Every structure is written in C-alpha cells, then in structure tokens.
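Participant: This is the content of my_file34.json (JSON, C-alpha atoms):
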[["chain", "number", "residue", "atom", "x", "y", "z"],
["A", 1, "MET", "CA", 87.14, 50.95, 88.84],
["A", 2, "THR", "CA", 90.57, 49.68, 89.86],
["A", 3, "PRO", "CA", 93.24, 52.22, 88.81],
["A", 4, "THR", "CA", 95.66, 50.99, 86.15],
["A", 5, "ARG", "CA", 99.19, 50.49, 87.42],
["A", 6, "LEU", "CA", 101.48, 52.40, 85.08],
["A", 7, "PRO", "CA", 105.10, 51.65, 84.21],
["A", 8, "ALA", "CA", 107.62, 53.73, 86.15],
["A", 9, "ALA", "CA", 108.46, 55.85, 83.10],
["A", 10, "ALA", "CA", 104.82, 56.72, 82.57],
["A", 11, "ARG", "CA", 104.39, 57.66, 86.24],
["A", 12, "ARG", "CA", 107.43, 59.94, 86.07],
["A", 13, "THR", "CA", 106.09, 61.63, 82.93],
["A", 14, "ALA", "CA", 102.68, 62.20, 84.49],
["A", 15, "ALA", "CA", 104.26, 63.67, 87.61],
["A", 16, "LEU", "CA", 106.37, 66.03, 85.53],
["A", 17, "LEU", "CA", 103.28, 67.18, 83.68],
["A", 18, "VAL", "CA", 101.59, 68.06, 86.95],
["A", 19, "THR", "CA", 104.64, 70.05, 88.01],
["A", 20, "ALA", "CA", 104.60, 71.99, 84.76],
["A", 21, "ALA", "CA", 100.86, 72.51, 84.73],
["A", 22, "LEU", "CA", 100.91, 74.13, 88.15],
["A", 23, "THR", "CA", 103.05, 76.91, 86.69],
["A", 24, "VAL", "CA", 100.66, 77.94, 83.92],
["A", 25, "THR", "CA", 97.03, 78.84, 83.37],
["A", 26, "GLY", "CA", 95.37, 76.49, 80.87],
["A", 27, "CYS", "CA", 93.43, 77.91, 77.92],
["A", 28, "ALA", "CA", 90.37, 76.72, 79.76],
["A", 29, "TYR", "CA", 91.72, 75.79, 83.13],
["A", 30, "GLY", "CA", 91.57, 78.19, 85.99],
["A", 31, "ARG", "CA", 93.78, 80.59, 87.82],
["A", 32, "ALA", "CA", 95.85, 83.50, 86.63],
["A", 33, "VAL", "CA", 99.62, 83.57, 86.85],
["A", 34, "THR", "CA", 100.70, 86.54, 88.93],
["A", 35, "GLY", "CA", 104.45, 86.44, 88.58],
["A", 36, "ALA", "CA", 107.48, 84.72, 87.15],
["A", 37, "ARG", "CA", 107.57, 80.97, 87.70],
["A", 38, "ASP", "CA", 110.02, 78.14, 87.25],
["A", 39, "ALA", "CA", 108.47, 76.23, 84.35],
["A", 40, "GLY", "CA", 110.16, 73.06, 85.54],
["A", 41, "PRO", "CA", 111.65, 70.04, 83.80],
["A", 42, "ALA", "CA", 108.49, 69.03, 81.91],
["A", 43, "ALA", "CA", 108.34, 72.39, 80.18],
["A", 44, "ALA", "CA", 111.91, 71.98, 79.03],
["A", 45, "ARG", "CA", 111.26, 68.39, 77.97],
["A", 46, "ALA", "CA", 108.94, 69.36, 75.12],
["A", 47, "ALA", "CA", 110.60, 70.96, 72.13],
["A", 48, "VAL", "CA", 108.61, 74.20, 72.07],
["A", 49, "PRO", "CA", 109.40, 76.07, 68.84],
["A", 50, "THR", "CA", 110.85, 79.54, 69.28],
["A", 51, "ALA", "CA", 111.54, 80.71, 65.71],
["A", 52, "ASP", "CA", 110.27, 84.25, 65.12],
["A", 53, "VAL", "CA", 108.04, 83.92, 62.05],
["A", 54, "VAL", "CA", 106.38, 87.34, 62.37],
["A", 55, "ALA", "CA", 109.42, 89.60, 62.64],
["A", 56, "GLY", "CA", 109.19, 90.71, 59.02],
["A", 57, "GLU", "CA", 105.53, 91.73, 59.22],
["A", 58, "ARG", "CA", 104.81, 95.38, 58.39],
["A", 59, "ARG", "CA", 101.92, 97.80, 58.90],
["A", 60, "ASP", "CA", 99.14, 97.57, 56.32],
["A", 61, "PRO", "CA", 97.64, 101.05, 55.76],
["A", 62, "VAL", "CA", 94.36, 99.60, 54.47],
["A", 63, "ALA", "CA", 93.74, 97.47, 57.57],
["A", 64, "ALA", "CA", 95.02, 100.20, 59.92],
["A", 65, "ALA", "CA", 92.62, 102.72, 58.38],
["A", 66, "LEU", "CA", 89.73, 100.67, 59.80],
["A", 67, "LEU", "CA", 90.77, 101.65, 63.31],
["A", 68, "SER", "CA", 89.30, 104.76, 64.89],
["A", 69, "ALA", "CA", 91.43, 107.90, 64.91],
["A", 70, "ALA", "CA", 91.58, 107.70, 68.71],
["A", 71, "VAL", "CA", 92.98, 104.15, 68.67],
["A", 72, "ARG", "CA", 95.53, 105.03, 65.98],
["A", 73, "ALA", "CA", 96.65, 108.04, 67.99],
["A", 74, "ARG", "CA", 96.95, 106.02, 71.19],
["A", 75, "GLY", "CA", 98.87, 103.29, 69.42],
["A", 76, "THR", "CA", 98.18, 100.60, 72.03],
["A", 77, "LEU", "CA", 95.50, 98.08, 72.99],
["A", 78, "THR", "CA", 95.23, 95.99, 76.15],
["A", 79, "LEU", "CA", 95.13, 92.25, 75.45],
["A", 80, "ALA", "CA", 94.17, 89.69, 78.09],
["A", 81, "ALA", "CA", 95.79, 86.31, 77.45],
["A", 82, "SER", "CA", 94.95, 82.99, 79.05],
["A", 83, "VAL", "CA", 98.13, 80.91, 78.99],
["A", 84, "GLY", "CA", 97.89, 77.14, 78.75],
["A", 85, "THR", "CA", 99.85, 74.53, 76.82],
["A", 86, "PRO", "CA", 101.14, 74.20, 73.26],
["A", 87, "PRO", "CA", 100.16, 74.74, 70.58],
["A", 88, "SER", "CA", 97.84, 77.53, 71.79],
["A", 89, "SER", "CA", 100.09, 79.14, 74.41],
["A", 90, "THR", "CA", 102.63, 78.22, 77.05],
["A", 91, "TYR", "CA", 105.59, 79.52, 79.04],
["A", 92, "LEU", "CA", 109.20, 78.92, 78.11],
["A", 93, "PRO", "CA", 111.42, 77.43, 80.85],
["A", 94, "ASP", "CA", 112.25, 80.95, 82.10],
["A", 95, "GLY", "CA", 108.71, 81.08, 83.49],
["A", 96, "THR", "CA", 107.99, 84.53, 82.08],
["A", 97, "THR", "CA", 108.21, 84.36, 78.27],
["A", 98, "VAL", "CA", 104.89, 83.39, 76.72],
["A", 99, "VAL", "CA", 104.87, 81.69, 73.32],
["A", 100, "GLY", "CA", 102.31, 79.88, 71.21],
["A", 101, "GLN", "CA", 100.04, 80.08, 68.21],
["A", 102, "ASP", "CA", 97.75, 82.62, 69.93],
["A", 103, "ILE", "CA", 100.76, 84.77, 70.79],
["A", 104, "ASP", "CA", 102.20, 84.71, 67.27],
["A", 105, "VAL", "CA", 98.87, 85.55, 65.63],
["A", 106, "ALA", "CA", 98.21, 88.41, 68.06],
["A", 107, "ASN", "CA", 101.73, 89.82, 67.60],
["A", 108, "ALA", "CA", 101.39, 89.66, 63.82],
["A", 109, "VAL", "CA", 97.99, 91.37, 63.89],
["A", 110, "GLY", "CA", 99.46, 94.12, 66.05],
["A", 111, "LYS", "CA", 102.22, 94.69, 63.50],
["A", 112, "VAL", "CA", 99.72, 94.81, 60.61],
["A", 113, "LEU", "CA", 97.62, 97.39, 62.44],
["A", 114, "GLY", "CA", 100.62, 99.40, 63.64],
["A", 115, "LEU", "CA", 99.64, 98.86, 67.28],
["A", 116, "ARG", "CA", 101.46, 97.72, 70.39],
["A", 117, "LEU", "CA", 99.45, 95.07, 72.20],
["A", 118, "THR", "CA", 100.00, 95.32, 75.94],
["A", 119, "ARG", "CA", 99.53, 91.74, 77.10],
["A", 120, "GLU", "CA", 98.30, 90.83, 80.57],
["A", 121, "VAL", "CA", 97.99, 87.20, 81.67],
["A", 122, "ALA", "CA", 94.55, 86.44, 83.07],
["A", 123, "SER", "CA", 92.53, 83.33, 83.89],
["A", 124, "PHE", "CA", 90.31, 81.88, 81.19],
["A", 125, "GLU", "CA", 87.07, 82.37, 83.09],
["A", 126, "ALA", "CA", 87.92, 85.98, 84.01],
["A", 127, "ILE", "CA", 88.66, 87.29, 80.51],
["A", 128, "LEU", "CA", 85.21, 87.26, 78.89],
["A", 129, "PRO", "CA", 83.44, 89.16, 81.71],
["A", 130, "ALA", "CA", 86.36, 91.60, 81.87],
["A", 131, "LEU", "CA", 85.97, 92.37, 78.17],
["A", 132, "ASP", "CA", 82.33, 93.24, 78.73],
["A", 133, "SER", "CA", 83.27, 95.58, 81.57],
["A", 134, "GLY", "CA", 85.85, 97.35, 79.39],
["A", 135, "LYS", "CA", 88.88, 96.28, 81.42],
["A", 136, "TYR", "CA", 90.53, 94.85, 78.29],
["A", 137, "ASP", "CA", 90.21, 95.68, 74.60],
["A", 138, "VAL", "CA", 90.70, 92.14, 73.32],
["A", 139, "GLY", "CA", 91.21, 88.64, 74.69],
["A", 140, "THR", "CA", 92.89, 85.42, 73.55],
["A", 141, "GLY", "CA", 92.66, 81.95, 75.08],
["A", 142, "ASN", "CA", 91.57, 79.52, 72.37],
["A", 143, "PHE", "CA", 88.04, 80.92, 72.71],
["A", 144, "GLY", "CA", 85.60, 78.84, 70.68],
["A", 145, "VAL", "CA", 82.94, 80.88, 68.90],
["A", 146, "THR", "CA", 79.63, 79.47, 70.15],
["A", 147, "ASP", "CA", 76.09, 80.76, 69.72],
["A", 148, "ASP", "CA", 75.84, 81.33, 73.47],
["A", 149, "ARG", "CA", 78.98, 83.45, 73.52],
["A", 150, "ARG", "CA", 77.97, 85.40, 70.41],
["A", 151, "ARG", "CA", 74.95, 86.75, 72.28],
["A", 152, "THR", "CA", 77.14, 88.82, 74.59],
["A", 153, "LEU", "CA", 80.52, 89.09, 72.83],
["A", 154, "ASP", "CA", 82.05, 89.64, 69.40],
["A", 155, "PHE", "CA", 84.75, 87.44, 67.88],
["A", 156, "VAL", "CA", 87.18, 87.64, 64.98],
["A", 157, "THR", "CA", 88.17, 84.15, 63.89],
["A", 158, "TYR", "CA", 91.76, 83.09, 63.20],
["A", 159, "VAL", "CA", 91.84, 79.29, 63.43],
["A", 160, "ASN", "CA", 89.54, 76.27, 63.43],
["A", 161, "ASP", "CA", 89.91, 73.89, 66.38],
["A", 162, "GLY", "CA", 87.11, 72.19, 68.27],
["A", 163, "GLN", "CA", 86.21, 69.26, 70.51],
["A", 164, "GLY", "CA", 87.92, 65.89, 70.64],
["A", 165, "PHE", "CA", 88.80, 62.96, 72.88],
["A", 166, "ALA", "CA", 91.88, 61.16, 74.18],
["A", 167, "VAL", "CA", 92.15, 57.86, 76.06],
["A", 168, "ARG", "CA", 94.69, 55.43, 77.48],
["A", 169, "GLY", "CA", 96.19, 52.99, 75.02],
["A", 170, "ASP", "CA", 94.24, 50.10, 76.54],
["A", 171, "SER", "CA", 90.84, 51.78, 76.16],
["A", 172, "PRO", "CA", 88.21, 49.83, 74.17],
["A", 173, "LEU", "CA", 86.93, 53.12, 72.73],
["A", 174, "ALA", "CA", 87.77, 53.46, 69.04],
["A", 175, "LYS", "CA", 85.77, 56.53, 68.02],
["A", 176, "VAL", "CA", 83.15, 58.69, 69.72],
["A", 177, "THR", "CA", 80.42, 59.78, 67.32],
["A", 178, "SER", "CA", 77.72, 60.18, 70.01],
["A", 179, "LEU", "CA", 78.10, 61.17, 73.65],
["A", 180, "THR", "CA", 75.90, 58.23, 74.60],
["A", 181, "GLN", "CA", 78.97, 56.08, 73.89],
["A", 182, "LEU", "CA", 80.42, 57.61, 77.07],
["A", 183, "CYS", "CA", 77.52, 56.47, 79.25],
["A", 184, "GLY", "CA", 78.80, 54.72, 82.37],
["A", 185, "LEU", "CA", 82.31, 56.14, 81.95],
["A", 186, "THR", "CA", 84.17, 58.91, 83.77],
["A", 187, "VAL", "CA", 85.01, 61.89, 81.55],
["A", 188, "ALA", "CA", 87.68, 64.40, 82.54],
["A", 189, "THR", "CA", 87.59, 67.93, 81.17],
["A", 190, "GLY", "CA", 88.45, 71.53, 82.03],
["A", 191, "ALA", "CA", 86.33, 73.51, 84.48],
["A", 192, "GLY", "CA", 84.26, 76.32, 82.96],
["A", 193, "THR", "CA", 84.82, 75.21, 79.36],
["A", 194, "THR", "CA", 82.53, 74.56, 76.41],
["A", 195, "PHE", "CA", 83.43, 70.88, 76.88],
["A", 196, "GLU", "CA", 81.93, 70.86, 80.36],
["A", 197, "SER", "CA", 78.80, 72.59, 79.06],
["A", 198, "THR", "CA", 78.43, 70.12, 76.18],
["A", 199, "LEU", "CA", 78.79, 67.15, 78.51],
["A", 200, "GLU", "CA", 76.33, 68.47, 81.08],
["A", 201, "GLN", "CA", 73.74, 69.38, 78.46],
["A", 202, "ASN", "CA", 73.89, 65.91, 76.91],
["A", 203, "ARG", "CA", 74.10, 63.83, 80.10],
["A", 204, "PRO", "CA", 70.28, 63.17, 80.19],
["A", 205, "LYS", "CA", 70.57, 61.31, 76.87],
["A", 206, "CYS", "CA", 72.10, 58.36, 78.74],
["A", 207, "ALA", "CA", 68.98, 57.91, 80.87],
["A", 208, "GLU", "CA", 66.81, 58.31, 77.77],
["A", 209, "ALA", "CA", 68.77, 55.45, 76.22],
["A", 210, "GLY", "CA", 68.35, 53.34, 79.35],
["A", 211, "LYS", "CA", 72.01, 53.64, 80.29],
["A", 212, "ARG", "CA", 73.88, 54.84, 83.37],
["A", 213, "PRO", "CA", 74.93, 58.50, 82.97],
["A", 214, "TYR", "CA", 78.59, 59.32, 82.51],
["A", 215, "ASP", "CA", 80.40, 61.05, 85.35],
["A", 216, "VAL", "CA", 81.96, 64.43, 84.52],
["A", 217, "ARG", "CA", 85.05, 65.39, 86.49],
["A", 218, "THR", "CA", 86.39, 68.90, 85.96],
["A", 219, "TYR", "CA", 89.91, 70.11, 86.63],
["A", 220, "ALA", "CA", 91.35, 73.58, 86.96],
["A", 221, "GLU", "CA", 94.85, 72.32, 86.09],
["A", 222, "GLN", "CA", 95.71, 70.31, 82.99],
["A", 223, "GLY", "CA", 98.39, 68.30, 84.76],
["A", 224, "ALA", "CA", 95.82, 66.97, 87.24],
["A", 225, "LEU", "CA", 93.45, 66.19, 84.39],
["A", 226, "TRP", "CA", 96.01, 64.09, 82.53],
["A", 227, "LEU", "CA", 97.16, 62.38, 85.72],
["A", 228, "SER", "CA", 93.56, 61.29, 86.35],
["A", 229, "LEU", "CA", 93.57, 59.57, 82.95],
["A", 230, "GLN", "CA", 97.01, 58.02, 83.42],
["A", 231, "GLN", "CA", 96.05, 56.60, 86.83],
["A", 232, "GLY", "CA", 92.68, 55.25, 85.71],
["A", 233, "ARG", "CA", 90.54, 57.66, 87.74],
["A", 234, "SER", "CA", 88.99, 58.81, 84.46],
["A", 235, "ASP", "CA", 88.38, 56.89, 81.26],
["A", 236, "VAL", "CA", 88.50, 59.62, 78.63],
["A", 237, "VAL", "CA", 89.52, 63.27, 78.30],
["A", 238, "MET", "CA", 87.48, 65.79, 76.31],
["A", 239, "SER", "CA", 89.37, 68.90, 75.24],
["A", 240, "THR", "CA", 90.60, 70.88, 72.23],
["A", 241, "ILE", "CA", 91.57, 68.92, 69.13],
["A", 242, "ASN", "CA", 94.94, 70.59, 68.72],
["A", 243, "GLY", "CA", 95.71, 70.48, 72.44],
["A", 244, "LEU", "CA", 94.92, 66.77, 72.63],
["A", 245, "ARG", "CA", 97.03, 65.93, 69.59],
["A", 246, "TYR", "CA", 99.99, 67.71, 71.17],
["A", 247, "ALA", "CA", 99.49, 66.29, 74.67],
["A", 248, "VAL", "CA", 99.44, 62.64, 73.64],
["A", 249, "THR", "CA", 102.80, 63.04, 71.88],
["A", 250, "GLN", "CA", 104.29, 64.11, 75.22],
["A", 251, "GLN", "CA", 102.89, 61.26, 77.33],
["A", 252, "PRO", "CA", 103.43, 57.51, 76.96],
["A", 253, "GLY", "CA", 100.45, 55.18, 76.91],
["A", 254, "LEU", "CA", 97.88, 57.68, 75.65],
["A", 255, "ARG", "CA", 96.29, 58.14, 72.24],
["A", 256, "PHE", "CA", 94.19, 60.74, 70.48],
["A", 257, "LEU", "CA", 90.79, 59.21, 69.80],
["A", 258, "ASN", "CA", 89.02, 61.41, 67.26],
["A", 259, "GLU", "CA", 87.62, 64.80, 66.43],
["A", 260, "PHE", "CA", 84.06, 65.21, 67.65],
["A", 261, "LYS", "CA", 83.06, 68.71, 66.58],
["A", 262, "ARG", "CA", 84.95, 71.47, 64.79],
["A", 263, "LEU", "CA", 84.65, 75.01, 66.15],
["A", 264, "ASP", "CA", 86.14, 78.29, 64.99],
["A", 265, "VAL", "CA", 88.40, 80.09, 67.48],
["A", 266, "GLY", "CA", 88.78, 83.83, 67.61],
["A", 267, "PHE", "CA", 89.89, 87.03, 69.28],
["A", 268, "ALA", "CA", 87.21, 88.02, 71.80],
["A", 269, "PHE", "CA", 85.80, 91.53, 72.19],
["A", 270, "LYS", "CA", 83.06, 93.40, 73.97],
["A", 271, "LYS", "CA", 79.79, 93.20, 72.04],
["A", 272, "GLY", "CA", 79.54, 95.90, 69.39],
["A", 273, "THR", "CA", 83.27, 96.63, 69.35],
["A", 274, "PRO", "CA", 84.50, 98.90, 66.52],
["A", 275, "LEU", "CA", 87.79, 96.96, 66.52],
["A", 276, "ALA", "CA", 86.43, 93.83, 64.83],
["A", 277, "PRO", "CA", 86.64, 94.98, 61.17],
["A", 278, "ALA", "CA", 90.28, 96.03, 61.60],
["A", 279, "PHE", "CA", 91.26, 92.74, 63.26],
["A", 280, "GLN", "CA", 89.44, 90.80, 60.56],
["A", 281, "ALA", "CA", 91.27, 92.72, 57.84],
["A", 282, "ALA", "CA", 94.59, 92.13, 59.63],
["A", 283, "VAL", "CA", 94.06, 88.35, 59.87],
["A", 284, "ASN", "CA", 93.08, 88.22, 56.20],
["A", 285, "HIS", "CA", 96.22, 90.21, 55.36],
["A", 286, "LEU", "CA", 98.30, 87.59, 57.18],
["A", 287, "VAL", "CA", 96.57, 84.82, 55.23],
["A", 288, "LYS", "CA", 97.34, 86.58, 51.97],
["A", 289, "ASP", "CA", 101.00, 87.39, 52.63],
["A", 290, "GLY", "CA", 101.87, 83.90, 53.93],
["A", 291, "THR", "CA", 102.63, 84.79, 57.55],
["A", 292, "TYR", "CA", 99.53, 82.96, 58.74],
["A", 293, "ALA", "CA", 100.64, 79.74, 57.04],
["A", 294, "ARG", "CA", 104.10, 80.06, 58.61],
["A", 295, "ILE", "CA", 102.61, 80.48, 62.09],
["A", 296, "LEU", "CA", 100.44, 77.38, 61.79],
["A", 297, "ALA", "CA", 103.30, 75.36, 60.28],
["A", 298, "LYS", "CA", 105.49, 76.36, 63.22],
["A", 299, "TRP", "CA", 102.93, 75.02, 65.71],
["A", 300, "GLY", "CA", 101.89, 71.96, 63.70],
["A", 301, "THR", "CA", 98.30, 73.13, 63.23],
["A", 302, "THR", "CA", 98.12, 73.59, 59.46],
["A", 303, "PRO", "CA", 94.97, 71.39, 59.22],
["A", 304, "SER", "CA", 93.23, 74.03, 61.37],
["A", 305, "ALA", "CA", 93.83, 76.86, 58.90],
["A", 306, "LEU", "CA", 90.99, 79.16, 57.88],
["A", 307, "THR", "CA", 90.76, 80.50, 54.34],
["A", 308, "THR", "CA", 89.29, 83.77, 55.58],
["A", 309, "SER", "CA", 88.57, 85.43, 58.91],
["A", 310, "ARG", "CA", 84.97, 86.13, 59.88],
["A", 311, "ILE", "CA", 83.27, 88.24, 62.54],
["A", 312, "SER", "CA", 81.17, 86.17, 64.98],
["A", 313, "PRO", "CA", 80.12, 83.41, 62.54],
["A", 314, "PRO", "CA", 77.26, 81.16, 63.64],
["A", 315, "GLU", "CA", 78.17, 77.90, 65.30],
["A", 316, "LYS", "CA", 77.93, 74.84, 63.08],
["A", 317, "HIS", "CA", 75.60, 72.17, 64.49]]
Go ahead and express the file in the form of structure tokens.
Facilitator:
Amino acid sequence: MTPTRLPAAARRTAALLVTAALTVTGCAYGRAVTGARDAGPAAARAAVPTADVVAGERRDPVAAALLSAAVRARGTLTLAASVGTPPSSTYLPDGTTVVGQDIDVANAVGKVLGLRLTREVASFEAILPALDSGKYDVGTGNFGVTDDRRRTLDFVTYVNDGQGFAVRGDSPLAKVTSLTQLCGLTVATGAGTTFESTLEQNRPKCAEAGKRPYDVRTYAEQGALWLSLQQGRSDVVMSTINGLRYAVTQQPGLRFLNEFKRLDVGFAFKKGTPLAPAFQAAVNHLVKDGTYARILAKWGTTPSALTTSRISPPEKH
C-alpha cells in the first residue's frame, strides 16, 4: 500500500499526538509513568474538562457498612490506575495531575465509602496480575468485563463501553458488522488488549471465507497507533468506543466508523474480594443521587451509562 500524503495541518496534528502519547500510559497501551512529565502542546490543545463534580459527595453509612471492620479502621485502599487518554483518563498539562471519567468515579466511590484511595499509576498489563498477588486492592483502566477475565478476577461495573472502529475519511469502509470485512486490510490496535485477542481469535475466518487474512499491528503507544492510520500504514483502528469517538474529534481527516460490540467496564479486584459488594453499593448510590450522571455528562459519555452496577456480569455474545 502506498501511504496517503496528508495535508500539512494533519501531519502537524499527528506529530503532536505522538508527543503527547509518549507522556502517558494508555488504558490498554503499555508502560507505566514513573514521574512527572511535560504533557506537551497536544495535551493542552484538547479542552479537557476540569470541573469538580464530586466535591459534594458524602459518606453513605449503608454502603460503608458493607466494608470489613479492618478496612473501615484503616481508612485507605491502594488503587492502581492505568492512565491513557480522555474520556477514560489522562494527564493535565502539568504532567502530574490525572483526570478522567475513571478518576472521577473512583474518587466519588471513595467518598461514599468514607475511604481514601491511594492511587498509583501502573501499566495496563501489570495491573491485573498485581491484583491477584495482593499488591493492590483495586484497579482501574477501562477494564472490559470478559468471560476470560471473570475466571481469575472480580469486577464491579460502572460504565458500558466496548469495541469499535475508526478509519481515515477516504476509507471505503462504511460499517463493520463482521470481522471478515477486514480481510486483506491492516488493523491497528493496542498491545495486550481485548481488541488484539478478538482479532487474533477471528483471523482464521478470513481463510475459511477464501480471503486473505487481515494483518494485526499492535502498538504500545496510542500516538504511534494513530500516526499509523494517518500515514496509511494501517487501514483501520480497533479500540474503545468512547476513546475512538473522542480521538477523531481531535484529529483531522479521521472518522468514527461504528460500534462493534458493547462491553461493561468495571473496577477490577482479586478473585473472591470482600470489597465488591461495598463498591457496587457505592456506584448504585452515585446513580441514585445524580453524581454518576454528572460525571458522564462532564466527559461526554452519557450514552454509556448503566442503570445499575453489577458484580462480574457475564459477557454478552
């Protein structure tokens, strides 16, 4: 394939996105951030909302009573956070302040339970094993609740996101309803994600249909992923629905294609955790008192709202 030559403005935007992406850890994209970083001009370019919509939240005795006496006495929990891009999570231009939908929901849950959540930034692929080892009490990172993950971890859902696609404006793709429509194309996605797993598991269907398999290219940094699409080295990006919708508004010449599969997203815990009922009650409290709706409105994700939180619900197929 001959790479598409982009207008100068588009090339500048893509370059800025790479600069910004190298300063953060994507919700499904690689390495941990170990210190303060300069978030760069691209981070400042996007109007990241900063209104505090959880400040008025108060402790709910009913939800807090579901915690063990030891946790209530300690008053803190360790939370591992994978930091990526809006609306899930991102850094402000100061390079240290983390904001996003995941952050607001976690902070509000902490207030409802009367706990201080001690947040530590960690890479996406490191969080789930670390929960199992007991290093952290809870994790966030836009973790989709899949049947495979439910076998070894517990989840408390707080939003519905899922899988979707984005393409360049000149792409002939209109809607992807079957992955066989991608046969012969190059698909960019995040390394170690459910998207990569879905693509690899379904790749043989191309040969079964008598077509050339699609090529899966994985990236540890979102900026590099988007640059591959902008420059024509990939034909389509598969990622989170909400993340794709946001990303295409920040980059010229790209468009969101369609939702492919919806998937609940939740707080992640070690299997058998006693914390799950309290977190579920806290999320449902936020739904009832309106804070949940304000958080999603702030981040433009109201269509992803849940009516009630559930503990490790089965994946919809």
Participant: Between atom CA of Leu131 of chain A and atom CA of Thr194 of chain A, what is the distance in Å, rounded to a tenth?
Facilitator: 18.2 Å
Participant: Determine, counting only C-alpha atoms, which protein, DNA and RNA residues have an atom within 10 Å of an atom of Lys316 of chain A; residues of the same chain fewer than 5 positions away are not included. Present the result as a list in words.
Facilitator: Val145, Thr146, Asp147, Lys261, Arg262, Leu263 and Asp264 of chain A
Participant: Which residue gives the smallest distance to Val156 of chain A among A:His285, A:Ala64, A:Trp226, A:Val138, with all atoms listed in the file counted?
Facilitator: A:Val138
Participant: From the set A:Thr96, A:Asn242, A:Thr193, A:Gln280, which residue has the shortest atom-to-atom contact distance to Thr301 of chain A, counting only C-alpha atoms?
Facilitator: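 Using only C-alpha atoms, Thr301 of chain A sits closest to A:Asn242.
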Participant: Given only C-alpha atoms as the basis, pick out the residue of A:Tyr136, A:Tyr158, A:Phe124, A:Tyr214 nearest to Ala282 of chain A.
Facilitator: A:Tyr158
Participant: Hey, which of A:Val216, A:Ala174, A:Val53, A:Leu227 ends up closest to Phe256 of chain A? Count only C-alpha atoms.
Facilitator: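 Result for the nearest residue to Phe256 of chain A: A:Ala174.
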Participant: For Pro172 of chain A, which of A:Thr186, A:Gly110, A:Val98, A:Asp235 is the closest residue, counting all atoms listed in the file?
Facilitator: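 The closest residue to Pro172 of chain A is A:Asp235.
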